[in-house]
Amino acid sequence: MRVLVTGGLGVNGSWVVRRLVEQRHDVVILENRDDRSLLPDVADDVRVAVGDVANSGQVRSVFDEYQPDVVVHMAAIIGADRDPLAAVRVNIGGTAAICEAAAATGVARVVYTSSRAAYGALTGRHGHPDYVPVTEDHPRQPVGLYDVTKLSCEELGRWYARNRGIEFVSLRFATIFGPGKLQRHGGFSAYSSMIELPAAGEPVQLAHGGDQRDDAIYVVDIAEAVVAATLAPTPLPHDVYNVGTGRTVSLHELAEAVRDAVPGATIDIGPGLDPMGMGISYYGALDSTRAQVELGWKPQFTLGAAVKHYLTALDRLELLPARSPSPDSQEY
Ligand SMILES: NC(=O)c1ccc[n+]([C@@H]2O[C@H](COP(=O)([O-])OP(=O)(O)OC[C@H]3O[C@@H](n4cnc5c(N)ncnc54)[C@H](O)[C@@H]3O)[C@@H](O)[C@H]2O)c1
């Protein structure tokens, strides 16, 4: 099957691409720059079309040239609040351009990577300290602009499905951690920083947040879910699926798993909630029963196994961040 993956050179996309290549699918990646550093192992097994997903003309030429059977649409701006117009242009405009081209060229299905952000804050029994998992029917109350763009794209896709005959399937991911995230997204993910910094011999210090629990899912489990949704027989019974572990882990528990795997790791985290200081309680668990039943997907990684796999992958793919220079190794 020929699969077009937008954003396929990103942190999550690279694992989706890797899995599709392993299964011998023909993968074409649409990206705005040809940086294959997160997938050096399969770099020669894919074709990269450089273009902007928000440029409908460029998107249409890529569809005309490569004639994909199915599309995985992952390209997006994550830090949306920093530049609202760019985020709307790329996240919403890009999704419209992908749907338009898919409808015009007979693509059977678009798999869209949405987020738990569509639910907004998780409060009451779904928040601290109970974390009762939410199902797909939970009210959608987006807060940040990123959340708004994700939910808007789900609705936009529904419109295309109703009116233009494509199947549009949204996957609402929990919080993802995976190799390369620290390099690509900076300190945006406490989970990835807590693994990648010790792996590079760097200390981790977080003033507060060690008691915060969240549904943190390993990127390889995410990739399996995306591939399952991509290859499932059409049509699927639903157009939206939660993809999470259904459980929560605390940062203190993650720190323990990292100390087990990286002897001598220095990780100091204060107590309390909201390690990233977001001020919005996005933290909680996703009930992914629907994905388990209808996509045949189930997360495979325990926290400890994910940390070990993560560390091995950093090494194998040569993604370890550079160590900070020690005071006596400074150059003049
Ligand atoms: N990381 C998470 O925890 C998480 C959670 C929920 C949902 N998601 C979603 O998963 C998807 C992938 O996230 P990620 O963490 O891999 O992000 P990422 O930034 O690593 O990857 C996104 C890729 O899209 C590309 N891109 C950005 N703008 C583009 C444009 N205009 N045209 C073409 N390509 C463009 C970037 O170059 C990048 O490689 C996103 O849609 C994101 O919203 C991520």
# chains A, B, ... in the order shown; residues from 1 in each chain; ligands from 1

$ closest_atom_pairs --of "chain A" --to "ligand 1" --cutoff "9 Å" --atoms "only C-alpha atoms and all ligand atoms" --output "CSV"
residue,atom,partner,partner_atom_place_in_ligand_line,distance
A:Thr6,CA,ligand 1,34 (N),6.2
A:Gly7,CA,ligand 1,24 (O),3.5
A:Gly8,CA,ligand 1,39 (O),6.3
A:Leu9,CA,ligand 1,39 (O),4.6
A:Gly10,CA,ligand 1,39 (O),3.4
A:Val11,CA,ligand 1,16 (O),3.8
A:Asn12,CA,ligand 1,16 (O),3.6
A:Gly13,CA,ligand 1,16 (O),5.3
A:Ser14,CA,ligand 1,16 (O),7.6
A:Trp15,CA,ligand 1,16 (O),8.9
A:Leu30,CA,ligand 1,33 (C),6.1
A:Glu31,CA,ligand 1,34 (N),3.8
A:Asn32,CA,ligand 1,33 (C),4.0
A:Arg33,CA,ligand 1,37 (O),6.1
A:Asp34,CA,ligand 1,37 (O),8.3
A:Asp35,CA,ligand 1,39 (O),8.0
A:Val50,CA,ligand 1,33 (C),7.5
A:Gly51,CA,ligand 1,33 (C),5.8
A:Asp52,CA,ligand 1,32 (N),3.6
A:Val53,CA,ligand 1,32 (N),4.1
A:Ala54,CA,ligand 1,31 (N),5.6
A:Asn55,CA,ligand 1,31 (N),7.9
A:His73,CA,ligand 1,41 (O),7.1
A:Met74,CA,ligand 1,41 (O),4.0
A:Ala75,CA,ligand 1,24 (O),3.4
A:Ala76,CA,ligand 1,41 (O),4.7
A:Ile77,CA,ligand 1,27 (C),5.5
A:Ile78,CA,ligand 1,43 (O),5.7
A:Ala86,CA,ligand 1,31 (N),8.7
A:Ala87,CA,ligand 1,28 (N),8.9
A:Arg89,CA,ligand 1,31 (N),8.2
A:Val90,CA,ligand 1,31 (N),5.1
A:Asn91,CA,ligand 1,31 (N),7.9
A:Gly94,CA,ligand 1,31 (N),7.0
A:Tyr112,CA,ligand 1,41 (O),7.5
A:Thr113,CA,ligand 1,41 (O),5.0
A:Ser114,CA,ligand 1,7 (C),5.1
A:Ser115,CA,ligand 1,6 (C),4.0
A:Arg116,CA,ligand 1,6 (C),6.4
A:Ala117,CA,ligand 1,6 (C),7.2
A:Tyr146,CA,ligand 1,43 (O),7.8
A:Asp147,CA,ligand 1,43 (O),9.0
A:Lys150,CA,ligand 1,43 (O),7.1
A:Leu171,CA,ligand 1,7 (C),8.2
A:Arg172,CA,ligand 1,6 (C),6.5
A:Phe173,CA,ligand 1,6 (C),4.4
A:Ala174,CA,ligand 1,5 (C),5.8
A:Thr175,CA,ligand 1,3 (O),4.3
A:Ile176,CA,ligand 1,3 (O),3.8
A:Phe177,CA,ligand 1,3 (O),6.5
A:Gly178,CA,ligand 1,1 (N),8.3
A:Gly180,CA,ligand 1,20 (O),8.2
A:Lys181,CA,ligand 1,20 (O),6.9
A:Arg184,CA,ligand 1,20 (O),6.1
A:His185,CA,ligand 1,19 (O),7.0
A:Ser189,CA,ligand 1,3 (O),7.7
A:Ala216,CA,ligand 1,3 (O),8.4
A:Ile217,CA,ligand 1,3 (O),8.5
A:Val219,CA,ligand 1,1 (N),8.4

$ select_by_dssp --residues "stretch 211-270 of chain A" --states "strand (DSSP E or B)" --output "number ranges by chain"
A: 213-214, 216-218, 240-243, 249-250, 267-269

$ residues_around --residues "A:Trp297" --least-positions-apart "2" --cutoff "8 Å" --atoms "only C-alpha atoms" --output "CSV table (one decimal) with N, CA and C atoms, in the first residue's frame"
chain,number,residue,atom,x,y,z
A,224,GLU,N,2.1,2.2,16.5
A,224,GLU,CA,1.3,1.0,16.2
A,224,GLU,C,-0.1,1.3,16.0
A,225,ALA,N,-0.6,2.3,16.9
A,225,ALA,CA,-2.0,2.7,16.8
A,225,ALA,C,-2.3,3.4,15.4
A,228,ALA,N,-2.3,0.8,12.8
A,228,ALA,CA,-3.6,0.0,12.8
A,228,ALA,C,-4.7,0.7,12.2
A,291,ALA,N,-10.5,1.8,20.7
A,291,ALA,CA,-9.4,1.5,19.8
A,291,ALA,C,-9.0,0.0,19.9
A,292,GLN,N,-9.0,-0.5,21.2
A,292,GLN,CA,-8.7,-1.9,21.4
A,292,GLN,C,-9.6,-2.8,20.7
A,293,VAL,N,-10.9,-2.5,20.7
A,293,VAL,CA,-11.9,-3.4,20.1
A,293,VAL,C,-12.0,-3.2,18.6
A,294,GLU,N,-11.9,-2.0,18.1
A,294,GLU,CA,-12.2,-1.8,16.7
A,294,GLU,C,-10.9,-1.7,15.9
A,295,LEU,N,-9.8,-1.3,16.4
A,295,LEU,CA,-8.6,-1.2,15.7
A,295,LEU,C,-7.7,-2.4,16.0
A,299,PRO,N,-1.7,-0.9,23.9
A,299,PRO,CA,-0.4,-0.5,24.2
A,299,PRO,C,0.4,-1.7,24.8

$ closest_residue --among "A:Val21, A:Ile92, A:Leu145, A:Val169" --to "A:Thr230" --atoms "only C-alpha atoms"
A:Val169

$ closest_residue --among "A:Gly124, A:Gly244, A:Gly277, A:Pro40" --to "A:Phe301" --atoms "only C-alpha atoms"
A:Gly244

$ closest_residue --among "A:Ser193, A:Thr248, A:Gln141, A:Ser288" --to "A:Arg213" --atoms "only C-alpha atoms"
A:Thr248

$ atom_distance --atom1 "atom CA of A:Arg60" --atom2 "atom CA of A:Ile222"
27.7 Å

$ closest_residue --among "A:Glu100, A:Glu136, A:Glu196, A:Asp64" --to "A:Thr289" --atoms "only C-alpha atoms"
A:Glu136

$ select_by_dssp --residues "stretch 87-180 of chain A" --states "helix (DSSP H, G or I)" --output "ChimeraX atom specification"
/A:87-105,116-119,124-126,145-164

$ atom_distance --atom1 "atom CA of A:Leu182" --atom2 "atom CA of A:Val27"
25.7 Å

$ decode --residues "stretch 281-302 of chain A" --atoms "N, CA, C and O atoms" --output "mmCIF file, in the first residue's frame"
data_model
loop_
_atom_site.group_PDB
_atom_site.id
_atom_site.type_symbol
_atom_site.label_atom_id
_atom_site.label_comp_id
_atom_site.auth_asym_id
_atom_site.auth_seq_id
_atom_site.Cartn_x
_atom_site.Cartn_y
_atom_site.Cartn_z
ATOM 1 N N SER A 281 -5.229 22.062 33.945
ATOM 2 C CA SER A 281 -5.069 20.658 34.300
ATOM 3 C C SER A 281 -5.433 19.740 33.132
ATOM 4 O O SER A 281 -6.480 19.119 33.098
ATOM 5 N N TYR A 282 -4.501 19.676 32.158
ATOM 6 C CA TYR A 282 -4.721 18.766 31.023
ATOM 7 C C TYR A 282 -4.522 17.314 31.439
ATOM 8 O O TYR A 282 -4.875 16.396 30.721
ATOM 9 N N TYR A 283 -3.891 17.104 32.590
ATOM 10 C CA TYR A 283 -3.437 15.779 32.998
ATOM 11 C C TYR A 283 -4.617 14.854 33.289
ATOM 12 O O TYR A 283 -5.571 15.254 33.960
ATOM 13 N N GLY A 284 -4.503 13.604 32.842
ATOM 14 C CA GLY A 284 -5.563 12.637 33.095
ATOM 15 C C GLY A 284 -5.343 11.427 32.202
ATOM 16 O O GLY A 284 -4.319 11.325 31.518
ATOM 17 N N ALA A 285 -6.313 10.510 32.228
ATOM 18 C CA ALA A 285 -6.142 9.256 31.474
ATOM 19 C C ALA A 285 -7.202 9.131 30.384
ATOM 20 O O ALA A 285 -8.330 9.583 30.542
ATOM 21 N N LEU A 286 -6.810 8.496 29.269
ATOM 22 C CA LEU A 286 -7.735 8.253 28.163
ATOM 23 C C LEU A 286 -8.173 6.789 28.162
ATOM 24 O O LEU A 286 -7.333 5.888 28.214
ATOM 25 N N ASP A 287 -9.474 6.572 28.083
ATOM 26 C CA ASP A 287 -10.011 5.217 27.950
ATOM 27 C C ASP A 287 -9.932 4.833 26.470
ATOM 28 O O ASP A 287 -10.609 5.435 25.633
ATOM 29 N N SER A 288 -9.098 3.869 26.144
ATOM 30 C CA SER A 288 -8.875 3.502 24.741
ATOM 31 C C SER A 288 -9.537 2.178 24.386
ATOM 32 O O SER A 288 -9.100 1.484 23.448
ATOM 33 N N THR A 289 -10.598 1.835 25.112
ATOM 34 C CA THR A 289 -11.287 0.561 24.841
ATOM 35 C C THR A 289 -11.754 0.485 23.389
ATOM 36 O O THR A 289 -11.650 -0.564 22.736
ATOM 37 N N ARG A 290 -12.261 1.615 22.870
ATOM 38 C CA ARG A 290 -12.781 1.597 21.499
ATOM 39 C C ARG A 290 -11.666 1.224 20.505
ATOM 40 O O ARG A 290 -11.877 0.427 19.587
ATOM 41 N N ALA A 291 -10.488 1.795 20.681
ATOM 42 C CA ALA A 291 -9.369 1.471 19.780
ATOM 43 C C ALA A 291 -8.963 0.011 19.935
ATOM 44 O O ALA A 291 -8.601 -0.656 18.963
ATOM 45 N N GLN A 292 -9.043 -0.486 21.172
ATOM 46 C CA GLN A 292 -8.664 -1.888 21.389
ATOM 47 C C GLN A 292 -9.628 -2.816 20.668
ATOM 48 O O GLN A 292 -9.225 -3.783 20.038
ATOM 49 N N VAL A 293 -10.917 -2.502 20.744
ATOM 50 C CA VAL A 293 -11.927 -3.385 20.142
ATOM 51 C C VAL A 293 -11.956 -3.229 18.625
ATOM 52 O O VAL A 293 -11.978 -4.217 17.884
ATOM 53 N N GLU A 294 -11.934 -1.983 18.144
ATOM 54 C CA GLU A 294 -12.202 -1.758 16.721
ATOM 55 C C GLU A 294 -10.941 -1.681 15.851
ATOM 56 O O GLU A 294 -11.001 -1.931 14.652
ATOM 57 N N LEU A 295 -9.813 -1.297 16.446
ATOM 58 C CA LEU A 295 -8.564 -1.249 15.674
ATOM 59 C C LEU A 295 -7.677 -2.448 15.990
ATOM 60 O O LEU A 295 -6.651 -2.663 15.343
ATOM 61 N N GLY A 296 -8.034 -3.200 17.020
ATOM 62 C CA GLY A 296 -7.215 -4.346 17.414
ATOM 63 C C GLY A 296 -5.876 -3.889 17.977
ATOM 64 O O GLY A 296 -4.871 -4.602 17.883
ATOM 65 N N TRP A 297 -5.843 -2.687 18.543
ATOM 66 C CA TRP A 297 -4.589 -2.126 19.059
ATOM 67 C C TRP A 297 -4.590 -2.089 20.580
ATOM 68 O O TRP A 297 -5.627 -1.834 21.195
ATOM 69 N N LYS A 298 -3.452 -2.357 21.171
ATOM 70 C CA LYS A 298 -3.312 -2.286 22.614
ATOM 71 C C LYS A 298 -1.902 -1.809 22.935
ATOM 72 O O LYS A 298 -0.947 -2.274 22.296
ATOM 73 N N PRO A 299 -1.732 -0.887 23.902
ATOM 74 C CA PRO A 299 -0.355 -0.493 24.225
ATOM 75 C C PRO A 299 0.431 -1.681 24.777
ATOM 76 O O PRO A 299 -0.104 -2.479 25.537
ATOM 77 N N GLN A 300 1.693 -1.784 24.372
ATOM 78 C CA GLN A 300 2.511 -2.947 24.748
ATOM 79 C C GLN A 300 3.554 -2.631 25.806
ATOM 80 O O GLN A 300 4.055 -3.514 26.481
ATOM 81 N N PHE A 301 3.935 -1.362 25.924
ATOM 82 C CA PHE A 301 5.088 -1.018 26.762
ATOM 83 C C PHE A 301 4.693 -0.669 28.193
ATOM 84 O O PHE A 301 3.851 0.186 28.422
ATOM 85 N N THR A 302 5.326 -1.350 29.149
ATOM 86 C CA THR A 302 5.265 -0.865 30.536
ATOM 87 C C THR A 302 6.186 0.359 30.611
ATOM 88 O O THR A 302 6.987 0.604 29.688
#
